[in-house]
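Structure file upload-v8.csv; described as CSV, C-alpha atoms.
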```
chain,number,residue,atom,x,y,z
X,1,VAL,CA,-2.0,-10.3,-29.7
X,2,LEU,CA,0.9,-12.5,-31.1
X,3,GLY,CA,0.1,-11.3,-34.6
X,4,ALA,CA,0.1,-7.7,-33.5
X,5,LEU,CA,3.4,-8.3,-31.7
X,6,LEU,CA,5.1,-9.9,-34.8
X,7,LYS,CA,3.8,-7.1,-37.0
X,8,ALA,CA,5.2,-4.5,-34.6
X,9,LEU,CA,8.6,-6.3,-34.5
X,10,ALA,CA,8.7,-6.4,-38.3
X,11,GLN,CA,7.9,-2.6,-38.5
X,12,LEU,CA,10.5,-1.9,-35.9
X,13,SER,CA,13.2,-3.9,-37.6
X,14,ALA,CA,12.7,-1.8,-40.7
X,15,CYS,CA,13.5,1.4,-38.8
X,16,THR,CA,17.2,1.8,-39.1
X,17,SER,CA,17.2,4.6,-36.5
X,18,SER,CA,15.9,2.3,-33.8
X,19,ASN,CA,18.2,0.2,-31.6
X,20,TYR,CA,15.4,-2.3,-30.9
X,21,THR,CA,15.8,-4.9,-33.7
X,22,ILE,CA,14.5,-8.5,-33.9
X,23,THR,CA,17.7,-9.9,-32.5
X,24,THR,CA,17.5,-7.6,-29.5
X,25,CYS,CA,13.9,-8.6,-28.7
X,26,VAL,CA,14.7,-12.3,-29.2
X,27,ALA,CA,17.7,-12.0,-26.9
X,28,LEU,CA,15.5,-10.4,-24.3
X,29,MET,CA,13.0,-13.2,-24.5
X,30,LEU,CA,15.5,-16.1,-24.6
X,31,GLY,CA,17.9,-14.6,-22.0
X,32,PRO,CA,16.1,-15.9,-18.9
X,33,ILE,CA,15.5,-19.3,-20.5
X,34,ALA,CA,19.2,-19.7,-21.1
X,35,ALA,CA,20.1,-18.5,-17.6
X,36,VAL,CA,17.7,-20.9,-16.0
X,37,ALA,CA,19.0,-23.8,-18.2
X,38,GLU,CA,22.5,-23.0,-16.9
X,39,LEU,CA,21.3,-23.1,-13.3
X,40,VAL,CA,19.0,-26.2,-13.5
X,41,CYS,CA,20.3,-28.4,-16.2
X,42,ASN,CA,24.1,-27.7,-16.2
X,43,GLY,CA,24.5,-26.8,-12.6
X,44,ALA,CA,26.6,-23.8,-13.5
X,45,TYR,CA,25.4,-21.6,-10.7
X,46,VAL,CA,27.8,-18.7,-11.1
X,47,PRO,CA,27.4,-18.3,-14.9
X,48,GLY,CA,23.7,-18.7,-14.5
X,49,VAL,CA,23.3,-16.1,-11.8
X,50,LEU,CA,25.5,-13.7,-13.7
X,51,ALA,CA,23.5,-14.3,-16.9
X,52,LEU,CA,20.3,-13.7,-15.1
X,53,CYS,CA,21.6,-10.5,-13.5
X,54,GLY,CA,22.8,-9.3,-16.9
X,55,TRP,CA,19.4,-10.0,-18.4
X,56,ILE,CA,17.6,-8.0,-15.7
X,57,VAL,CA,19.9,-5.0,-16.2
X,58,ARG,CA,19.4,-5.2,-20.0
X,59,VAL,CA,15.6,-5.4,-19.7
X,60,VAL,CA,15.4,-2.4,-17.3
X,61,ASP,CA,17.8,-0.4,-19.6
X,62,SER,CA,15.8,-1.3,-22.7
X,63,ALA,CA,12.5,-0.5,-21.1
X,64,TRP,CA,13.7,2.9,-19.9
X,65,THR,CA,15.1,3.7,-23.3
X,66,LEU,CA,11.9,2.6,-25.0
X,67,GLU,CA,9.8,4.7,-22.7
X,68,GLN,CA,11.8,7.8,-23.6
X,69,GLN,CA,11.4,7.0,-27.3
X,70,VAL,CA,7.6,6.3,-27.1
X,71,ARG,CA,7.0,9.5,-25.0
X,72,GLY,CA,9.2,11.6,-27.3
X,73,GLY,CA,7.5,10.4,-30.4
X,74,GLY,CA,10.6,8.6,-31.8
X,75,LEU,CA,8.6,5.4,-32.5
X,76,HIS,CA,5.2,4.8,-34.1
X,77,ASN,CA,2.6,4.6,-31.3
X,78,SER,CA,1.3,1.1,-32.0
X,79,THR,CA,4.8,-0.3,-32.4
X,80,GLY,CA,6.3,1.4,-29.4
X,81,PHE,CA,3.4,0.7,-27.1
X,82,CYS,CA,3.3,-3.0,-28.2
X,83,LEU,CA,7.0,-3.5,-27.4
X,84,LEU,CA,6.7,-1.5,-24.2
X,85,PHE,CA,3.8,-3.7,-23.1
X,86,MET,CA,5.9,-6.8,-23.8
X,87,LEU,CA,8.9,-5.5,-21.8
X,88,ASP,CA,6.7,-4.3,-18.9
X,89,SER,CA,4.9,-7.6,-18.8
X,90,SER,CA,8.1,-9.6,-18.7
X,91,ARG,CA,9.5,-7.3,-16.0
X,92,SER,CA,6.4,-7.5,-13.9
X,93,PHE,CA,6.1,-11.3,-14.2
X,94,PHE,CA,9.7,-11.8,-13.2
X,95,ALA,CA,9.7,-9.2,-10.4
X,96,LEU,CA,6.5,-10.4,-8.8
X,97,THR,CA,7.6,-14.0,-9.0
X,98,LEU,CA,10.8,-13.1,-7.3
X,99,TRP,CA,9.0,-11.0,-4.7
X,100,GLY,CA,6.4,-13.8,-4.1
X,101,SER,CA,9.0,-16.4,-3.6
X,102,MET,CA,11.4,-14.4,-1.4
X,103,GLY,CA,9.4,-11.6,0.1
X,104,LYS,CA,6.8,-13.7,1.9
X,105,GLY,CA,9.4,-16.1,3.1
X,106,LEU,CA,11.5,-13.2,4.6
X,107,GLU,CA,8.3,-11.8,6.1
X,108,ALA,CA,7.5,-15.0,7.9
X,109,LEU,CA,11.1,-15.5,9.1
X,110,VAL,CA,11.5,-12.0,10.5
X,111,THR,CA,8.1,-12.1,12.1
X,112,PHE,CA,9.0,-15.4,13.7
X,113,ILE,CA,12.2,-13.9,15.2
X,114,LEU,CA,10.6,-10.7,16.5
X,115,PRO,CA,9.1,-10.6,20.0
X,116,THR,CA,5.5,-11.8,20.4
X,117,GLY,CA,3.0,-9.3,19.0
X,118,LEU,CA,5.3,-7.7,16.5
X,119,ARG,CA,5.5,-8.4,12.8
X,120,VAL,CA,6.7,-7.0,9.5
X,121,VAL,CA,4.5,-6.7,6.4
X,122,ALA,CA,5.5,-7.3,2.8
X,123,PHE,CA,2.8,-5.9,0.6
X,124,ASP,CA,1.8,-8.3,-2.2
X,125,ALA,CA,1.3,-5.9,-5.0
X,126,PRO,CA,3.5,-3.0,-6.3
X,127,VAL,CA,2.3,0.6,-5.8
X,128,ASP,CA,3.0,3.8,-7.7
X,129,ASP,CA,4.2,6.6,-5.5
X,130,LEU,CA,4.4,9.1,-8.4
X,131,CYS,CA,8.2,9.0,-8.4
X,132,GLY,CA,8.6,9.6,-4.7
X,133,ARG,CA,6.0,12.4,-4.4
X,134,LEU,CA,3.6,10.3,-2.3
X,135,CYS,CA,4.3,9.2,1.3
X,136,VAL,CA,4.1,5.4,1.8
X,137,GLY,CA,3.4,3.9,5.2
X,138,VAL,CA,1.2,1.4,7.0
X,139,CYS,CA,-2.4,1.4,8.0
X,140,LEU,CA,-4.1,-0.5,10.8
X,141,MET,CA,-7.9,-0.7,11.1
X,142,LEU,CA,-10.3,-2.0,13.7
X,143,ASP,CA,-14.0,-2.6,12.9
X,144,GLY,CA,-16.7,-2.0,15.4
X,145,GLU,CA,-20.5,-2.2,15.2
X,146,GLN,CA,-22.3,-2.2,11.8
X,147,VAL,CA,-24.2,0.9,12.5
X,148,ASP,CA,-24.5,4.1,10.4
X,149,PRO,CA,-21.6,6.5,11.0
X,150,GLY,CA,-22.6,9.9,12.2
X,151,HIS,CA,-19.6,11.4,13.9
X,152,VAL,CA,-15.8,11.5,13.0
X,153,VAL,CA,-12.9,12.4,15.2
X,154,LEU,CA,-9.6,13.0,13.5
X,155,ASN,CA,-6.2,13.4,15.2
X,156,VAL,CA,-3.2,14.1,13.0
X,157,GLY,CA,0.0,13.8,15.0
X,158,HIS,CA,3.3,15.3,13.9
X,159,LEU,CA,6.7,14.1,15.1
X,160,PRO,CA,9.1,16.5,13.3
X,161,THR,CA,12.3,14.7,14.5
X,162,ALA,CA,10.9,11.1,14.6
X,163,ASP,CA,11.8,11.0,18.3
X,164,PRO,CA,11.7,7.2,19.1
X,165,ILE,CA,10.3,7.8,22.6
X,166,ASP,CA,7.4,9.9,21.3
X,167,ILE,CA,6.8,7.4,18.5
X,168,ARG,CA,6.8,4.5,21.0
X,169,SER,CA,4.5,6.3,23.4
X,170,THR,CA,1.9,7.5,20.9
X,171,VAL,CA,1.8,4.2,19.0
X,172,ARG,CA,1.5,2.3,22.2
X,173,ALA,CA,-1.4,4.6,23.3
X,174,SER,CA,-3.2,4.1,20.0
X,175,LEU,CA,-2.9,0.3,20.3
X,176,ARG,CA,-4.1,0.4,23.9
X,177,ILE,CA,-7.1,2.5,22.7
X,178,MET,CA,-7.9,-0.2,20.1
X,179,GLU,CA,-7.6,-2.9,22.7
X,180,GLU,CA,-10.2,-1.0,24.8
X,181,LEU,CA,-12.5,-0.6,21.8
X,182,ASN,CA,-12.1,-4.3,20.9
X,183,GLY,CA,-12.7,-5.5,24.5
X,184,GLN,CA,-14.9,-8.4,25.5
X,185,THR,CA,-18.0,-6.2,25.5
X,186,SER,CA,-18.8,-4.1,22.4
X,187,THR,CA,-18.4,-0.3,22.7
X,188,PRO,CA,-21.8,1.3,22.1
X,189,GLY,CA,-21.8,3.4,18.9
X,190,PHE,CA,-18.2,2.6,17.9
X,191,VAL,CA,-18.0,2.0,14.1
X,192,ALA,CA,-14.2,1.9,13.2
X,193,ASN,CA,-10.8,3.2,14.1
X,194,VAL,CA,-8.0,3.7,11.6
X,195,LEU,CA,-4.4,4.4,12.4
X,196,CYS,CA,-1.9,5.4,9.7
X,197,LEU,CA,1.8,5.8,10.1
X,198,LEU,CA,3.6,7.8,7.4
X,199,PRO,CA,7.3,8.1,8.0
X,200,GLU,CA,9.6,10.4,6.0
X,201,PRO,CA,12.7,8.2,5.3
X,202,SER,CA,16.1,9.7,5.6
X,203,PRO,CA,18.5,9.4,2.6
X,204,LYS,CA,21.0,7.6,4.9
X,205,ARG,CA,19.4,4.2,5.6
X,206,SER,CA,20.4,2.2,8.7
X,207,LEU,CA,21.0,-1.6,8.5
X,208,ALA,CA,19.9,-2.1,12.2
X,209,GLY,CA,16.7,-0.1,12.8
X,210,VAL,CA,14.9,2.7,11.0
X,211,SER,CA,16.2,6.0,9.7
X,212,TRP,CA,13.3,8.4,9.7
X,213,ARG,CA,13.4,12.2,9.5
X,214,SER,CA,9.8,12.7,10.6
X,215,VAL,CA,6.6,10.8,11.2
X,216,ARG,CA,3.0,11.6,10.7
X,217,GLU,CA,0.4,9.6,12.6
X,218,ILE,CA,-3.2,9.8,11.4
X,219,ASN,CA,-5.9,8.5,13.8
X,220,LEU,CA,-9.4,8.4,12.4
X,221,SER,CA,-12.2,7.4,14.8
X,222,VAL,CA,-15.7,6.9,13.5
X,223,TRP,CA,-18.8,6.8,15.7
X,224,ASN,CA,-22.5,6.5,15.4
X,225,SER,CA,-23.1,9.8,17.2
X,226,HIS,CA,-21.2,12.6,19.0
X,227,ALA,CA,-22.8,11.4,22.3
X,228,ALA,CA,-21.4,7.9,21.9
X,229,ALA,CA,-17.9,9.2,21.2
X,230,ALA,CA,-18.0,11.6,24.1
X,231,ALA,CA,-19.2,8.9,26.5
X,232,TRP,CA,-16.3,6.6,25.6
X,233,TYR,CA,-13.6,9.3,25.7
X,234,ARG,CA,-14.7,10.3,29.2
X,235,THR,CA,-14.2,6.7,30.5
X,236,SER,CA,-11.2,5.6,28.5
X,237,LYS,CA,-8.1,5.1,30.6
X,238,ALA,CA,-5.8,4.7,27.6
X,239,HIS,CA,-7.0,8.0,26.2
X,240,ARG,CA,-6.7,9.8,29.5
X,241,ASP,CA,-3.1,8.5,30.0
X,242,ILE,CA,-1.9,9.8,26.7
X,243,ILE,CA,-3.6,13.2,27.3
X,244,VAL,CA,-1.7,13.5,30.6
X,245,GLN,CA,1.6,12.8,28.8
X,246,HIS,CA,0.7,15.3,26.1
X,247,HIS,CA,0.2,18.1,28.7
X,248,ASP,CA,2.8,17.4,31.4
X,249,GLY,CA,5.8,17.2,29.1
X,250,GLY,CA,6.0,13.4,28.7
X,251,LEU,CA,5.9,13.9,25.0
X,252,ARG,CA,8.9,15.9,23.8
X,253,THR,CA,8.3,16.7,20.1
X,254,PHE,CA,4.7,15.6,19.4
X,255,GLY,CA,2.3,18.2,18.0
X,256,ASN,CA,-1.1,17.5,16.6
X,257,LEU,CA,-4.2,18.6,14.7
X,258,LEU,CA,-7.6,17.8,16.3
X,259,LEU,CA,-10.7,17.8,14.1
X,260,SER,CA,-14.2,16.5,14.7
X,261,SER,CA,-17.3,16.7,12.6
X,262,ASP,CA,-20.9,15.3,12.2
X,263,ALA,CA,-22.1,13.7,9.1
X,264,VAL,CA,-24.0,16.1,6.8
X,265,SER,CA,-25.2,13.4,4.5
X,266,LEU,CA,-24.8,9.6,4.3
X,267,ARG,CA,-25.1,7.7,1.0
X,268,TYR,CA,-24.3,4.1,0.2
X,269,GLN,CA,-23.9,2.7,-3.3
X,270,ARG,CA,-23.6,-1.1,-4.0
X,271,ARG,CA,-22.7,-2.8,-7.2
X,272,CYS,CA,-24.7,-5.5,-9.0
X,273,SER,CA,-22.8,-8.8,-9.3
X,274,ASN,CA,-24.4,-9.4,-12.7
X,275,CYS,CA,-25.1,-6.3,-14.7
X,276,ARG,CA,-22.6,-4.1,-12.8
X,277,SER,CA,-25.3,-1.4,-12.2
X,278,VAL,CA,-25.0,1.0,-9.2
X,279,VAL,CA,-27.7,0.2,-6.6
X,280,GLU,CA,-28.5,2.9,-4.0
X,281,GLY,CA,-28.7,2.0,-0.3
X,282,LEU,CA,-26.7,-0.1,2.2
X,283,ALA,CA,-29.6,-2.6,2.6
X,284,SER,CA,-30.0,-3.0,-1.2
X,285,ASN,CA,-29.2,-6.7,-1.5
X,286,GLN,CA,-30.9,-7.1,-4.9
X,287,CYS,CA,-30.5,-5.2,-8.1
X,288,PRO,CA,-33.7,-3.6,-9.4
X,289,GLU,CA,-32.5,-3.8,-13.0
X,290,CYS,CA,-31.8,-7.5,-13.4
X,291,GLY,CA,-32.8,-9.0,-10.0
X,292,SER,CA,-29.3,-10.4,-9.2
X,293,SER,CA,-27.6,-10.0,-5.8
X,294,THR,CA,-25.3,-7.1,-5.1
X,295,PHE,CA,-21.8,-7.2,-3.7
X,296,PRO,CA,-21.7,-6.8,0.1
X,297,ILE,CA,-20.1,-3.7,1.6
X,298,PRO,CA,-19.4,-2.8,5.3
X,299,VAL,CA,-20.8,0.4,6.8
X,300,PHE,CA,-17.3,1.9,6.8
```
Once you've parsed the file, please lay out its structure as structure tokens.
Amino acid sequence: VLGALLKALAQLSACTSSNYTITTCVALMLGPIAAVAELVCNGAYVPGVLALCGWIVRVVDSAWTLEQQVRGGGLHNSTGFCLLFMLDSSRSFFALTLWGSMGKGLEALVTFILPTGLRVVAFDAPVDDLCGRLCVGVCLMLDGEQVDPGHVVLNVGHLPTADPIDIRSTVRASLRIMEELNGQTSTPGFVANVLCLLPEPSPKRSLAGVSWRSVREINLSVWNSHAAAAAWYRTSKAHRDIIVQHHDGGLRTFGNLLLSSDAVSLRYQRRCSNCRSVVEGLASNQCPECGSSTFPIPVF
């Protein structure tokens, strides 16, 4: 890898039309070392922080320019991709180190300050939202019995104005339902319940609170059979209470899609821990090809 990188740098330095020379690449690699040396060894905090910030801006700008040249065919593929890989690796290492050292600390601090039962979540890994085209939210899941799923109930709630009262009422109802499902006695036939909250953020962010234009709540309930689901819904107080609010005007903007279906087919595939072969069946603990154990998976 080092040899390929040096070869790519040599090829690139011979291209007079390229702004990415050996000196630029060396500066990008040595910049953080010099900044850290200013901070740690010399105690020059202000120059060190400014140098580090300047290096970050330079790396991001160089990576963006390099991406344009690689995609536009301005650089030879092997050279361009090699340099782009080097810059992306440096950016990822630095960003994830910064996020790991600061993000988790802030998460713990804010969760400690919040009232009991509330928390914030800082996701460990970066995600690609396709340049903002994907909605990003949070997902909560409760596991039930390890039985085959045979019936699914889907409720997609829409809050077009992100009304805080409706959000609070519907989310509280969903959590109360999960508390009932996760009671001291197991709920017969209950497999899993998934709650996803997908807010549409407003361009104007608020420093104290959230600024959402709309919210979509996706509640997926998985059961062993239609009969098991119907029996629980008939006796659930939390579900009955939210239905009453839905019909008597307690919810002001909430609209929803209701969908239920029975399983047409059910197929499990596990993976061998040794030869990586696909093994059919949930109970297939051993690979028929090499005899090794398979990786465990839940029913849902």
Polymer residues at most 10 Å from range 286-293 of chain X, only C-alpha atoms, same-chain spacing of 3 or more positions, as a PDB file with C-alpha atoms, in the coordinates of the input:
```pdb
ATOM      1  CA  ARG X 270     -23.600  -1.100  -4.000  1.00  0.00           C
ATOM      2  CA  ARG X 271     -22.700  -2.800  -7.200  1.00  0.00           C
ATOM      3  CA  CYS X 272     -24.700  -5.500  -9.000  1.00  0.00           C
ATOM      4  CA  SER X 273     -22.800  -8.800  -9.300  1.00  0.00           C
ATOM      5  CA  ASN X 274     -24.400  -9.400 -12.700  1.00  0.00           C
ATOM      6  CA  CYS X 275     -25.100  -6.300 -14.700  1.00  0.00           C
ATOM      7  CA  ARG X 276     -22.600  -4.100 -12.800  1.00  0.00           C
ATOM      8  CA  SER X 277     -25.300  -1.400 -12.200  1.00  0.00           C
ATOM      9  CA  VAL X 278     -25.000   1.000  -9.200  1.00  0.00           C
ATOM     10  CA  VAL X 279     -27.700   0.200  -6.600  1.00  0.00           C
ATOM     11  CA  GLU X 280     -28.500   2.900  -4.000  1.00  0.00           C
ATOM     12  CA  ALA X 283     -29.600  -2.600   2.600  1.00  0.00           C
ATOM     13  CA  PRO X 296     -21.700  -6.800   0.100  1.00  0.00           C
TER      14      PRO X 296
END
```
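Going from CA of Ser261 in chain X to CA of Ser221 in chain X covers 10.8 Å.
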Using all atoms listed in the file, can you tell me which of X:Leu266, X:Leu198, X:Ala173, X:Ala51 comes closest to Ala238 in chain X?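 Nearest candidate to Ala238 in chain X out of X:Leu266, X:Leu198, X:Ala173, X:Ala51: X:Ala173.
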Between X:Phe300, X:Arg234, X:Asp163, X:Glu179, which residue has the minimum interatomic distance to Arg252 in chain X, considering only C-alpha atoms?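 Going through X:Phe300, X:Arg234, X:Asp163, X:Glu179 one by one, the smallest distance to Arg252 in chain X is for X:Asp163.
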List as a PyMOL selection string the protein and nucleic acid residues near Ser186 in chain X, meaning an atom at most 8 Å away when all atoms listed in the file are counted, but skip any in the same chain fewer than 3 places from it. chain X and resi 144-145+181-183
